[in-house]
file start-v5.pdb (PDB, N, CA and C atoms)
ATOM      1  N   MET A  15     -13.535  49.031  27.341  1.00  0.00           N
ATOM      2  CA  MET A  15     -14.149  50.207  26.738  1.00  0.00           C
ATOM      3  C   MET A  15     -13.100  51.068  26.045  1.00  0.00           C
ATOM      4  N   LEU A  16     -11.954  51.230  26.659  1.00  0.00           N
ATOM      5  CA  LEU A  16     -10.886  52.021  26.069  1.00  0.00           C
ATOM      6  C   LEU A  16     -10.441  51.424  24.740  1.00  0.00           C
ATOM      7  N   GLU A  17     -10.356  50.096  24.675  1.00  0.00           N
ATOM      8  CA  GLU A  17      -9.960  49.416  23.441  1.00  0.00           C
ATOM      9  C   GLU A  17     -10.981  49.667  22.335  1.00  0.00           C
ATOM     10  N   GLU A  18     -12.289  49.667  22.656  1.00  0.00           N
ATOM     11  CA  GLU A  18     -13.332  49.936  21.666  1.00  0.00           C
ATOM     12  C   GLU A  18     -13.204  51.355  21.113  1.00  0.00           C
ATOM     13  N   THR A  19     -12.934  52.315  21.986  1.00  0.00           N
ATOM     14  CA  THR A  19     -12.768  53.703  21.566  1.00  0.00           C
ATOM     15  C   THR A  19     -11.551  53.834  20.650  1.00  0.00           C
ATOM     16  N   LYS A  20     -10.486  53.147  20.977  1.00  0.00           N
ATOM     17  CA  LYS A  20      -9.283  53.182  20.155  1.00  0.00           C
ATOM     18  C   LYS A  20      -9.566  52.596  18.769  1.00  0.00           C
ATOM     19  N   ASP A  21     -10.272  51.458  18.717  1.00  0.00           N
ATOM     20  CA  ASP A  21     -10.608  50.838  17.441  1.00  0.00           C
ATOM     21  C   ASP A  21     -11.509  51.748  16.608  1.00  0.00           C
ATOM     22  N   LEU A  22     -12.455  52.407  17.235  1.00  0.00           N
ATOM     23  CA  LEU A  22     -13.347  53.319  16.530  1.00  0.00           C
ATOM     24  C   LEU A  22     -12.558  54.489  15.946  1.00  0.00           C
ATOM     25  N   GLY A  23     -11.558  54.926  16.644  1.00  0.00           N
ATOM     26  CA  GLY A  23     -10.713  56.017  16.166  1.00  0.00           C
ATOM     27  C   GLY A  23     -10.043  55.697  14.845  1.00  0.00           C
ATOM     28  N   LEU A  24      -9.719  54.430  14.615  1.00  0.00           N
ATOM     29  CA  LEU A  24      -9.104  54.017  13.351  1.00  0.00           C
ATOM     30  C   LEU A  24     -10.042  54.246  12.178  1.00  0.00           C
ATOM     31  N   LEU A  25     -11.342  54.174  12.406  1.00  0.00           N
ATOM     32  CA  LEU A  25     -12.319  54.315  11.339  1.00  0.00           C
ATOM     33  C   LEU A  25     -12.657  55.765  11.002  1.00  0.00           C
ATOM     34  N   MET A  26     -12.348  56.676  11.874  1.00  0.00           N
ATOM     35  CA  MET A  26     -12.776  58.057  11.699  1.00  0.00           C
ATOM     36  C   MET A  26     -12.182  58.742  10.469  1.00  0.00           C
ATOM     37  N   ASP A  27     -11.058  58.264   9.956  1.00  0.00           N
ATOM     38  CA  ASP A  27     -10.444  58.870   8.769  1.00  0.00           C
ATOM     39  C   ASP A  27     -10.769  58.121   7.483  1.00  0.00           C
ATOM     40  N   VAL A  28     -11.588  57.066   7.570  1.00  0.00           N
ATOM     41  CA  VAL A  28     -11.966  56.307   6.373  1.00  0.00           C
ATOM     42  C   VAL A  28     -12.917  57.158   5.547  1.00  0.00           C
ATOM     43  N   ARG A  29     -12.625  57.297   4.268  1.00  0.00           N
ATOM     44  CA  ARG A  29     -13.464  58.095   3.376  1.00  0.00           C
ATOM     45  C   ARG A  29     -14.631  57.251   2.893  1.00  0.00           C
ATOM     46  N   VAL A  30     -15.818  57.835   2.913  1.00  0.00           N
ATOM     47  CA  VAL A  30     -17.031  57.174   2.441  1.00  0.00           C
ATOM     48  C   VAL A  30     -17.677  58.040   1.366  1.00  0.00           C
ATOM     49  N   LYS A  31     -18.514  57.418   0.538  1.00  0.00           N
ATOM     50  CA  LYS A  31     -19.189  58.145  -0.539  1.00  0.00           C
ATOM     51  C   LYS A  31     -20.535  58.651  -0.037  1.00  0.00           C
ATOM     52  N   LEU A  32     -20.744  59.958  -0.069  1.00  0.00           N
ATOM     53  CA  LEU A  32     -22.036  60.551   0.254  1.00  0.00           C
ATOM     54  C   LEU A  32     -22.737  60.907  -1.044  1.00  0.00           C
ATOM     55  N   THR A  33     -24.009  60.542  -1.140  1.00  0.00           N
ATOM     56  CA  THR A  33     -24.810  60.807  -2.326  1.00  0.00           C
ATOM     57  C   THR A  33     -26.125  61.428  -1.891  1.00  0.00           C
ATOM     58  N   VAL A  34     -26.560  62.445  -2.607  1.00  0.00           N
ATOM     59  CA  VAL A  34     -27.877  63.045  -2.365  1.00  0.00           C
ATOM     60  C   VAL A  34     -28.757  62.673  -3.547  1.00  0.00           C
ATOM     61  N   GLN A  35     -29.882  62.022  -3.258  1.00  0.00           N
ATOM     62  CA  GLN A  35     -30.796  61.626  -4.323  1.00  0.00           C
ATOM     63  C   GLN A  35     -31.965  62.602  -4.361  1.00  0.00           C
ATOM     64  N   LEU A  36     -32.042  63.321  -5.456  1.00  0.00           N
ATOM     65  CA  LEU A  36     -33.086  64.315  -5.666  1.00  0.00           C
ATOM     66  C   LEU A  36     -34.397  63.659  -6.083  1.00  0.00           C
ATOM     67  N   GLY A  37     -34.325  62.580  -6.810  1.00  0.00           N
ATOM     68  CA  GLY A  37     -35.500  61.865  -7.292  1.00  0.00           C
ATOM     69  C   GLY A  37     -35.081  60.868  -8.345  1.00  0.00           C
ATOM     70  N   SER A  38     -36.042  60.171  -8.888  1.00  0.00           N
ATOM     71  CA  SER A  38     -35.750  59.198  -9.933  1.00  0.00           C
ATOM     72  C   SER A  38     -36.988  59.025 -10.808  1.00  0.00           C
ATOM     73  N   CYS A  39     -36.825  58.290 -11.869  1.00  0.00           N
ATOM     74  CA  CYS A  39     -37.953  57.970 -12.744  1.00  0.00           C
ATOM     75  C   CYS A  39     -37.586  56.747 -13.567  1.00  0.00           C
ATOM     76  N   ARG A  40     -38.561  56.207 -14.237  1.00  0.00           N
ATOM     77  CA  ARG A  40     -38.339  55.102 -15.164  1.00  0.00           C
ATOM     78  C   ARG A  40     -38.782  55.567 -16.538  1.00  0.00           C
ATOM     79  N   MET A  41     -38.007  55.179 -17.530  1.00  0.00           N
ATOM     80  CA  MET A  41     -38.390  55.499 -18.899  1.00  0.00           C
ATOM     81  C   MET A  41     -37.866  54.415 -19.815  1.00  0.00           C
ATOM     82  N   PRO A  42     -38.522  54.231 -20.936  1.00  0.00           N
ATOM     83  CA  PRO A  42     -38.051  53.236 -21.893  1.00  0.00           C
ATOM     84  C   PRO A  42     -36.689  53.623 -22.461  1.00  0.00           C
ATOM     85  N   MET A  43     -35.889  52.629 -22.763  1.00  0.00           N
ATOM     86  CA  MET A  43     -34.563  52.870 -23.327  1.00  0.00           C
ATOM     87  C   MET A  43     -34.652  53.718 -24.592  1.00  0.00           C
ATOM     88  N   ARG A  44     -35.719  53.582 -25.346  1.00  0.00           N
ATOM     89  CA  ARG A  44     -35.923  54.381 -26.565  1.00  0.00           C
ATOM     90  C   ARG A  44     -35.868  55.869 -26.227  1.00  0.00           C
ATOM     91  N   GLU A  45     -36.529  56.263 -25.123  1.00  0.00           N
ATOM     92  CA  GLU A  45     -36.527  57.675 -24.720  1.00  0.00           C
ATOM     93  C   GLU A  45     -35.158  58.093 -24.195  1.00  0.00           C
ATOM     94  N   VAL A  46     -34.472  57.198 -23.495  1.00  0.00           N
ATOM     95  CA  VAL A  46     -33.131  57.506 -22.999  1.00  0.00           C
ATOM     96  C   VAL A  46     -32.201  57.801 -24.171  1.00  0.00           C
ATOM     97  N   MET A  47     -32.312  57.001 -25.223  1.00  0.00           N
ATOM     98  CA  MET A  47     -31.453  57.176 -26.397  1.00  0.00           C
ATOM     99  C   MET A  47     -31.756  58.471 -27.150  1.00  0.00           C
ATOM    100  N   GLU A  48     -32.932  59.049 -26.918  1.00  0.00           N
ATOM    101  CA  GLU A  48     -33.315  60.297 -27.583  1.00  0.00           C
ATOM    102  C   GLU A  48     -32.927  61.545 -26.784  1.00  0.00           C
ATOM    103  N   LEU A  49     -32.347  61.377 -25.587  1.00  0.00           N
ATOM    104  CA  LEU A  49     -31.964  62.522 -24.763  1.00  0.00           C
ATOM    105  C   LEU A  49     -30.848  63.316 -25.434  1.00  0.00           C
ATOM    106  N   VAL A  50     -30.980  64.631 -25.373  1.00  0.00           N
ATOM    107  CA  VAL A  50     -29.988  65.547 -25.928  1.00  0.00           C
ATOM    108  C   VAL A  50     -29.828  66.704 -24.952  1.00  0.00           C
ATOM    109  N   PRO A  51     -28.772  67.491 -25.077  1.00  0.00           N
ATOM    110  CA  PRO A  51     -28.653  68.660 -24.222  1.00  0.00           C
ATOM    111  C   PRO A  51     -29.919  69.518 -24.315  1.00  0.00           C
ATOM    112  N   GLY A  52     -30.455  69.902 -23.185  1.00  0.00           N
ATOM    113  CA  GLY A  52     -31.686  70.686 -23.141  1.00  0.00           C
ATOM    114  C   GLY A  52     -32.914  69.838 -22.840  1.00  0.00           C
ATOM    115  N   SER A  53     -32.786  68.505 -22.926  1.00  0.00           N
ATOM    116  CA  SER A  53     -33.912  67.629 -22.592  1.00  0.00           C
ATOM    117  C   SER A  53     -34.261  67.799 -21.117  1.00  0.00           C
ATOM    118  N   VAL A  54     -35.527  67.696 -20.789  1.00  0.00           N
ATOM    119  CA  VAL A  54     -35.992  67.789 -19.410  1.00  0.00           C
ATOM    120  C   VAL A  54     -36.567  66.432 -19.013  1.00  0.00           C
ATOM    121  N   ILE A  55     -36.135  65.926 -17.879  1.00  0.00           N
ATOM    122  CA  ILE A  55     -36.619  64.648 -17.366  1.00  0.00           C
ATOM    123  C   ILE A  55     -37.424  64.938 -16.103  1.00  0.00           C
ATOM    124  N   GLN A  56     -38.677  64.521 -16.092  1.00  0.00           N
ATOM    125  CA  GLN A  56     -39.522  64.737 -14.922  1.00  0.00           C
ATOM    126  C   GLN A  56     -39.273  63.621 -13.917  1.00  0.00           C
ATOM    127  N   LEU A  57     -38.935  64.002 -12.688  1.00  0.00           N
ATOM    128  CA  LEU A  57     -38.676  63.030 -11.624  1.00  0.00           C
ATOM    129  C   LEU A  57     -39.954  62.735 -10.861  1.00  0.00           C
ATOM    130  N   ASN A  58     -39.934  61.642 -10.120  1.00  0.00           N
ATOM    131  CA  ASN A  58     -41.120  61.228  -9.374  1.00  0.00           C
ATOM    132  C   ASN A  58     -41.192  61.862  -7.987  1.00  0.00           C
ATOM    133  N   GLN A  59     -40.524  62.970  -7.803  1.00  0.00           N
ATOM    134  CA  GLN A  59     -40.497  63.635  -6.507  1.00  0.00           C
ATOM    135  C   GLN A  59     -40.939  65.080  -6.688  1.00  0.00           C
ATOM    136  N   GLU A  60     -41.765  65.550  -5.760  1.00  0.00           N
ATOM    137  CA  GLU A  60     -42.205  66.940  -5.820  1.00  0.00           C
ATOM    138  C   GLU A  60     -41.118  67.854  -5.274  1.00  0.00           C
ATOM    139  N   ALA A  61     -41.123  69.089  -5.715  1.00  0.00           N
ATOM    140  CA  ALA A  61     -40.090  70.055  -5.317  1.00  0.00           C
ATOM    141  C   ALA A  61     -40.046  70.260  -3.810  1.00  0.00           C
ATOM    142  N   LYS A  62     -41.176  70.117  -3.133  1.00  0.00           N
ATOM    143  CA  LYS A  62     -41.214  70.352  -1.680  1.00  0.00           C
ATOM    144  C   LYS A  62     -40.770  69.133  -0.867  1.00  0.00           C
ATOM    145  N   ASP A  63     -40.643  67.971  -1.506  1.00  0.00           N
ATOM    146  CA  ASP A  63     -40.257  66.743  -0.802  1.00  0.00           C
ATOM    147  C   ASP A  63     -38.791  66.788  -0.385  1.00  0.00           C
ATOM    148  N   PRO A  64     -38.457  66.164   0.752  1.00  0.00           N
ATOM    149  CA  PRO A  64     -37.047  66.107   1.161  1.00  0.00           C
ATOM    150  C   PRO A  64     -36.249  65.203   0.227  1.00  0.00           C
ATOM    151  N   VAL A  65     -34.942  65.458   0.154  1.00  0.00           N
ATOM    152  CA  VAL A  65     -34.034  64.617  -0.622  1.00  0.00           C
ATOM    153  C   VAL A  65     -33.399  63.600   0.316  1.00  0.00           C
ATOM    154  N   GLY A  66     -32.948  62.485  -0.230  1.00  0.00           N
ATOM    155  CA  GLY A  66     -32.314  61.454   0.586  1.00  0.00           C
ATOM    156  C   GLY A  66     -30.806  61.602   0.604  1.00  0.00           C
ATOM    157  N   LEU A  67     -30.211  61.418   1.784  1.00  0.00           N
ATOM    158  CA  LEU A  67     -28.760  61.427   1.935  1.00  0.00           C
ATOM    159  C   LEU A  67     -28.305  59.991   2.187  1.00  0.00           C
ATOM    160  N   TYR A  68     -27.432  59.508   1.319  1.00  0.00           N
ATOM    161  CA  TYR A  68     -26.941  58.133   1.396  1.00  0.00           C
ATOM    162  C   TYR A  68     -25.453  58.121   1.702  1.00  0.00           C
ATOM    163  N   VAL A  69     -25.031  57.194   2.556  1.00  0.00           N
ATOM    164  CA  VAL A  69     -23.614  56.949   2.801  1.00  0.00           C
ATOM    165  C   VAL A  69     -23.337  55.537   2.296  1.00  0.00           C
ATOM    166  N   ASN A  70     -22.459  55.442   1.296  1.00  0.00           N
ATOM    167  CA  ASN A  70     -22.170  54.148   0.668  1.00  0.00           C
ATOM    168  C   ASN A  70     -23.461  53.418   0.295  1.00  0.00           C
ATOM    169  N   ASP A  71     -24.372  54.134  -0.337  1.00  0.00           N
ATOM    170  CA  ASP A  71     -25.642  53.597  -0.853  1.00  0.00           C
ATOM    171  C   ASP A  71     -26.643  53.195   0.234  1.00  0.00           C
ATOM    172  N   LYS A  72     -26.429  53.617   1.475  1.00  0.00           N
ATOM    173  CA  LYS A  72     -27.373  53.334   2.562  1.00  0.00           C
ATOM    174  C   LYS A  72     -28.000  54.652   3.012  1.00  0.00           C
ATOM    175  N   LEU A  73     -29.338  54.719   2.980  1.00  0.00           N
ATOM    176  CA  LEU A  73     -30.045  55.938   3.380  1.00  0.00           C
ATOM    177  C   LEU A  73     -29.836  56.198   4.859  1.00  0.00           C
ATOM    178  N   ILE A  74     -29.327  57.398   5.191  1.00  0.00           N
ATOM    179  CA  ILE A  74     -29.104  57.723   6.601  1.00  0.00           C
ATOM    180  C   ILE A  74     -29.887  58.947   7.063  1.00  0.00           C
ATOM    181  N   ALA A  75     -30.336  59.796   6.117  1.00  0.00           N
ATOM    182  CA  ALA A  75     -31.013  61.026   6.527  1.00  0.00           C
ATOM    183  C   ALA A  75     -31.804  61.608   5.363  1.00  0.00           C
ATOM    184  N   TYR A  76     -32.669  62.556   5.717  1.00  0.00           N
ATOM    185  CA  TYR A  76     -33.400  63.357   4.733  1.00  0.00           C
ATOM    186  C   TYR A  76     -33.038  64.812   4.954  1.00  0.00           C
ATOM    187  N   GLY A  77     -33.162  65.599   3.908  1.00  0.00           N
ATOM    188  CA  GLY A  77     -32.837  67.004   4.057  1.00  0.00           C
ATOM    189  C   GLY A  77     -33.432  67.837   2.951  1.00  0.00           C
ATOM    190  N   GLU A  78     -33.109  69.112   2.994  1.00  0.00           N
ATOM    191  CA  GLU A  78     -33.570  70.028   1.956  1.00  0.00           C
ATOM    192  C   GLU A  78     -32.356  70.649   1.282  1.00  0.00           C
ATOM    193  N   VAL A  79     -32.498  70.884  -0.005  1.00  0.00           N
ATOM    194  CA  VAL A  79     -31.401  71.455  -0.791  1.00  0.00           C
ATOM    195  C   VAL A  79     -31.264  72.930  -0.444  1.00  0.00           C
ATOM    196  N   VAL A  80     -30.025  73.356  -0.229  1.00  0.00           N
ATOM    197  CA  VAL A  80     -29.720  74.758   0.044  1.00  0.00           C
ATOM    198  C   VAL A  80     -28.598  75.193  -0.891  1.00  0.00           C
ATOM    199  N   VAL A  81     -28.439  76.496  -1.046  1.00  0.00           N
ATOM    200  CA  VAL A  81     -27.339  77.045  -1.832  1.00  0.00           C
ATOM    201  C   VAL A  81     -26.378  77.724  -0.869  1.00  0.00           C
ATOM    202  N   VAL A  82     -25.106  77.327  -0.943  1.00  0.00           N
ATOM    203  CA  VAL A  82     -24.051  77.900  -0.114  1.00  0.00           C
ATOM    204  C   VAL A  82     -23.059  78.562  -1.068  1.00  0.00           C
ATOM    205  N   GLU A  83     -23.043  79.898  -1.073  1.00  0.00           N
ATOM    206  CA  GLU A  83     -22.281  80.671  -2.053  1.00  0.00           C
ATOM    207  C   GLU A  83     -22.732  80.233  -3.441  1.00  0.00           C
ATOM    208  N   ASP A  84     -21.876  79.623  -4.227  1.00  0.00           N
ATOM    209  CA  ASP A  84     -22.265  79.188  -5.574  1.00  0.00           C
ATOM    210  C   ASP A  84     -22.437  77.677  -5.670  1.00  0.00           C
ATOM    211  N   ASN A  85     -22.512  76.991  -4.539  1.00  0.00           N
ATOM    212  CA  ASN A  85     -22.598  75.536  -4.529  1.00  0.00           C
ATOM    213  C   ASN A  85     -23.906  75.067  -3.894  1.00  0.00           C
ATOM    214  N   PHE A  86     -24.327  73.878  -4.302  1.00  0.00           N
ATOM    215  CA  PHE A  86     -25.466  73.250  -3.644  1.00  0.00           C
ATOM    216  C   PHE A  86     -24.987  72.575  -2.367  1.00  0.00           C
ATOM    217  N   GLY A  87     -25.890  72.479  -1.403  1.00  0.00           N
ATOM    218  CA  GLY A  87     -25.631  71.757  -0.166  1.00  0.00           C
ATOM    219  C   GLY A  87     -26.920  71.097   0.277  1.00  0.00           C
ATOM    220  N   ILE A  88     -26.882  70.435   1.408  1.00  0.00           N
ATOM    221  CA  ILE A  88     -28.076  69.814   1.969  1.00  0.00           C
ATOM    222  C   ILE A  88     -28.139  70.133   3.457  1.00  0.00           C
ATOM    223  N   LYS A  89     -29.307  70.561   3.897  1.00  0.00           N
ATOM    224  CA  LYS A  89     -29.559  70.824   5.308  1.00  0.00           C
ATOM    225  C   LYS A  89     -30.320  69.614   5.848  1.00  0.00           C
ATOM    226  N   ILE A  90     -29.724  68.908   6.790  1.00  0.00           N
ATOM    227  CA  ILE A  90     -30.327  67.694   7.358  1.00  0.00           C
ATOM    228  C   ILE A  90     -31.575  68.086   8.154  1.00  0.00           C
ATOM    229  N   THR A  91     -32.696  67.427   7.833  1.00  0.00           N
ATOM    230  CA  THR A  91     -33.950  67.696   8.544  1.00  0.00           C
ATOM    231  C   THR A  91     -34.404  66.506   9.385  1.00  0.00           C
ATOM    232  N   GLU A  92     -33.931  65.301   9.015  1.00  0.00           N
ATOM    233  CA  GLU A  92     -34.371  64.102   9.747  1.00  0.00           C
ATOM    234  C   GLU A  92     -33.355  62.985   9.549  1.00  0.00           C
ATOM    235  N   MET A  93     -32.964  62.341  10.632  1.00  0.00           N
ATOM    236  CA  MET A  93     -32.092  61.167  10.554  1.00  0.00           C
ATOM    237  C   MET A  93     -32.971  59.916  10.494  1.00  0.00           C
ATOM    238  N   THR A  94     -32.548  58.929   9.734  1.00  0.00           N
ATOM    239  CA  THR A  94     -33.296  57.670   9.679  1.00  0.00           C
ATOM    240  C   THR A  94     -32.772  56.729  10.744  1.00  0.00           C
ATOM    241  N   ASN A  95     -33.490  55.646  10.961  1.00  0.00           N
ATOM    242  CA  ASN A  95     -33.040  54.639  11.931  1.00  0.00           C
ATOM    243  C   ASN A  95     -32.001  53.707  11.330  1.00  0.00           C
ATOM    244  N   GLY A  96     -31.726  53.923  10.019  1.00  0.00           N
ATOM    245  CA  GLY A  96     -30.686  53.216   9.302  1.00  0.00           C
ATOM    246  C   GLY A  96     -30.702  51.763   9.467  1.00  0.00           C
TER     247      GLY A  96
END

call {"tool": "encode", "arguments": {"input": "start-v5.pdb", "output": "structure tokens"}}
result
Amino acid sequence: MLEETKDLGLLMDVRVKLTVQLGSCRMPMREVMELVPGSVIQLNQEAKDPVGLYVNDKLIAYGEVVVVEDNFGIKITEMTNG
């Protein structure tokens, strides 16, 4: 057991990519090519729906978007079974 804890300790400093997915949509490439500053893209998610939190592209939790000072953050509301 001590050896397992020691091995796990080696992983604790490994950096992983966290991504928050607000929503997504599909559109024809023709419309993508017409995007300009100021364009609005409607996502397939309602404003009240939770956002997904991914670690290295694997969904691990859901949460709600919060503002912390001048930055966005996420408040975890539910962990997935991953």

call {"tool": "resolve_selection", "arguments": {"input": "start-v5.pdb", "expression": "the PyMOL selection byres ((chain A and resi 35-43) around 8)", "output": "list in words"}}
result
Leu32, Thr33, Val34, Arg44, Glu45, Val46, Met47, Glu48, Ile55, Gln56, Leu57, Asn58, Gln59, Glu60, Asp63, Pro64, Val65, Gly66, Leu67 and Tyr68 of chain A

call {"tool": "atom_distance", "arguments": {"input": "start-v5.pdb", "atom1": "atom CA of A:Tyr76", "atom2": "atom CA of A:Glu92"}}
result
5.2 Å

call {"tool": "select_by_dssp", "arguments": {"input": "start-v5.pdb", "residues": "chain A", "states": "strand (DSSP E or B)", "output": "VMD selection string"}}
result
chain A and resid 32 to 35 65 to 69 72 to 82 85 to 93

call {"tool": "atom_distance", "arguments": {"input": "start-v5.pdb", "atom1": "atom C of A:Val82", "atom2": "atom CA of A:Val30"}}
result
22.5 Å

call {"tool": "closest_residue", "arguments": {"input": "start-v5.pdb", "among": "A:Leu22, A:Lys31, A:Val50, A:Glu83", "to": "A:Val69", "atoms": "all atoms listed in the file"}}
result
A:Lys31

call {"tool": "closest_residue", "arguments": {"input": "start-v5.pdb", "among": "A:Asn95, A:Arg29, A:Gly23, A:Leu49", "to": "A:Leu73", "atoms": "all atoms listed in the file"}}
result
A:Asn95

call {"tool": "select_by_dssp", "arguments": {"input": "start-v5.pdb", "residues": "chain A", "states": "alpha helix (DSSP H)", "output": "VMD selection string"}}
result
chain A and resid 16 to 25 43 to 47

call {"tool": "atom_distance", "arguments": {"input": "start-v5.pdb", "atom1": "atom CA of A:Asp71", "atom2": "atom N of A:Asn85"}}
result
23.9 Å

call {"tool": "build_atoms", "arguments": {"input": "start-v5.pdb", "residues": "stretch 26-38 of chain A", "atoms": "N, CA, C and O atoms", "output": "PDB file, in the coordinates of the input"}}
result
ATOM      1  N   MET A  26     -12.348  56.676  11.874  1.00  0.00           N
ATOM      2  CA  MET A  26     -12.776  58.057  11.699  1.00  0.00           C
ATOM      3  C   MET A  26     -12.182  58.742  10.469  1.00  0.00           C
ATOM      4  O   MET A  26     -12.747  59.709   9.975  1.00  0.00           O
ATOM      5  N   ASP A  27     -11.058  58.264   9.956  1.00  0.00           N
ATOM      6  CA  ASP A  27     -10.444  58.870   8.769  1.00  0.00           C
ATOM      7  C   ASP A  27     -10.769  58.121   7.483  1.00  0.00           C
ATOM      8  O   ASP A  27     -10.294  58.502   6.411  1.00  0.00           O
ATOM      9  N   VAL A  28     -11.588  57.066   7.570  1.00  0.00           N
ATOM     10  CA  VAL A  28     -11.966  56.307   6.373  1.00  0.00           C
ATOM     11  C   VAL A  28     -12.917  57.158   5.547  1.00  0.00           C
ATOM     12  O   VAL A  28     -13.906  57.687   6.053  1.00  0.00           O
ATOM     13  N   ARG A  29     -12.625  57.297   4.268  1.00  0.00           N
ATOM     14  CA  ARG A  29     -13.464  58.095   3.376  1.00  0.00           C
ATOM     15  C   ARG A  29     -14.631  57.251   2.893  1.00  0.00           C
ATOM     16  O   ARG A  29     -14.451  56.094   2.536  1.00  0.00           O
ATOM     17  N   VAL A  30     -15.818  57.835   2.913  1.00  0.00           N
ATOM     18  CA  VAL A  30     -17.031  57.174   2.441  1.00  0.00           C
ATOM     19  C   VAL A  30     -17.677  58.040   1.366  1.00  0.00           C
ATOM     20  O   VAL A  30     -17.414  59.231   1.274  1.00  0.00           O
ATOM     21  N   LYS A  31     -18.514  57.418   0.538  1.00  0.00           N
ATOM     22  CA  LYS A  31     -19.189  58.145  -0.539  1.00  0.00           C
ATOM     23  C   LYS A  31     -20.535  58.651  -0.037  1.00  0.00           C
ATOM     24  O   LYS A  31     -21.375  57.869   0.395  1.00  0.00           O
ATOM     25  N   LEU A  32     -20.744  59.958  -0.069  1.00  0.00           N
ATOM     26  CA  LEU A  32     -22.036  60.551   0.254  1.00  0.00           C
ATOM     27  C   LEU A  32     -22.737  60.907  -1.044  1.00  0.00           C
ATOM     28  O   LEU A  32     -22.134  61.502  -1.938  1.00  0.00           O
ATOM     29  N   THR A  33     -24.009  60.542  -1.140  1.00  0.00           N
ATOM     30  CA  THR A  33     -24.810  60.807  -2.326  1.00  0.00           C
ATOM     31  C   THR A  33     -26.125  61.428  -1.891  1.00  0.00           C
ATOM     32  O   THR A  33     -26.736  60.974  -0.925  1.00  0.00           O
ATOM     33  N   VAL A  34     -26.560  62.445  -2.607  1.00  0.00           N
ATOM     34  CA  VAL A  34     -27.877  63.045  -2.365  1.00  0.00           C
ATOM     35  C   VAL A  34     -28.757  62.673  -3.547  1.00  0.00           C
ATOM     36  O   VAL A  34     -28.406  62.938  -4.694  1.00  0.00           O
ATOM     37  N   GLN A  35     -29.882  62.022  -3.258  1.00  0.00           N
ATOM     38  CA  GLN A  35     -30.796  61.626  -4.323  1.00  0.00           C
ATOM     39  C   GLN A  35     -31.965  62.602  -4.361  1.00  0.00           C
ATOM     40  O   GLN A  35     -32.760  62.672  -3.438  1.00  0.00           O
ATOM     41  N   LEU A  36     -32.042  63.321  -5.456  1.00  0.00           N
ATOM     42  CA  LEU A  36     -33.086  64.315  -5.666  1.00  0.00           C
ATOM     43  C   LEU A  36     -34.397  63.659  -6.083  1.00  0.00           C
ATOM     44  O   LEU A  36     -35.477  64.110  -5.747  1.00  0.00           O
ATOM     45  N   GLY A  37     -34.325  62.580  -6.810  1.00  0.00           N
ATOM     46  CA  GLY A  37     -35.500  61.865  -7.292  1.00  0.00           C
ATOM     47  C   GLY A  37     -35.081  60.868  -8.345  1.00  0.00           C
ATOM     48  O   GLY A  37     -33.899  60.738  -8.662  1.00  0.00           O
ATOM     49  N   SER A  38     -36.042  60.171  -8.888  1.00  0.00           N
ATOM     50  CA  SER A  38     -35.750  59.198  -9.933  1.00  0.00           C
ATOM     51  C   SER A  38     -36.988  59.025 -10.808  1.00  0.00           C
ATOM     52  O   SER A  38     -38.055  59.568 -10.506  1.00  0.00           O
TER      53      SER A  38
END
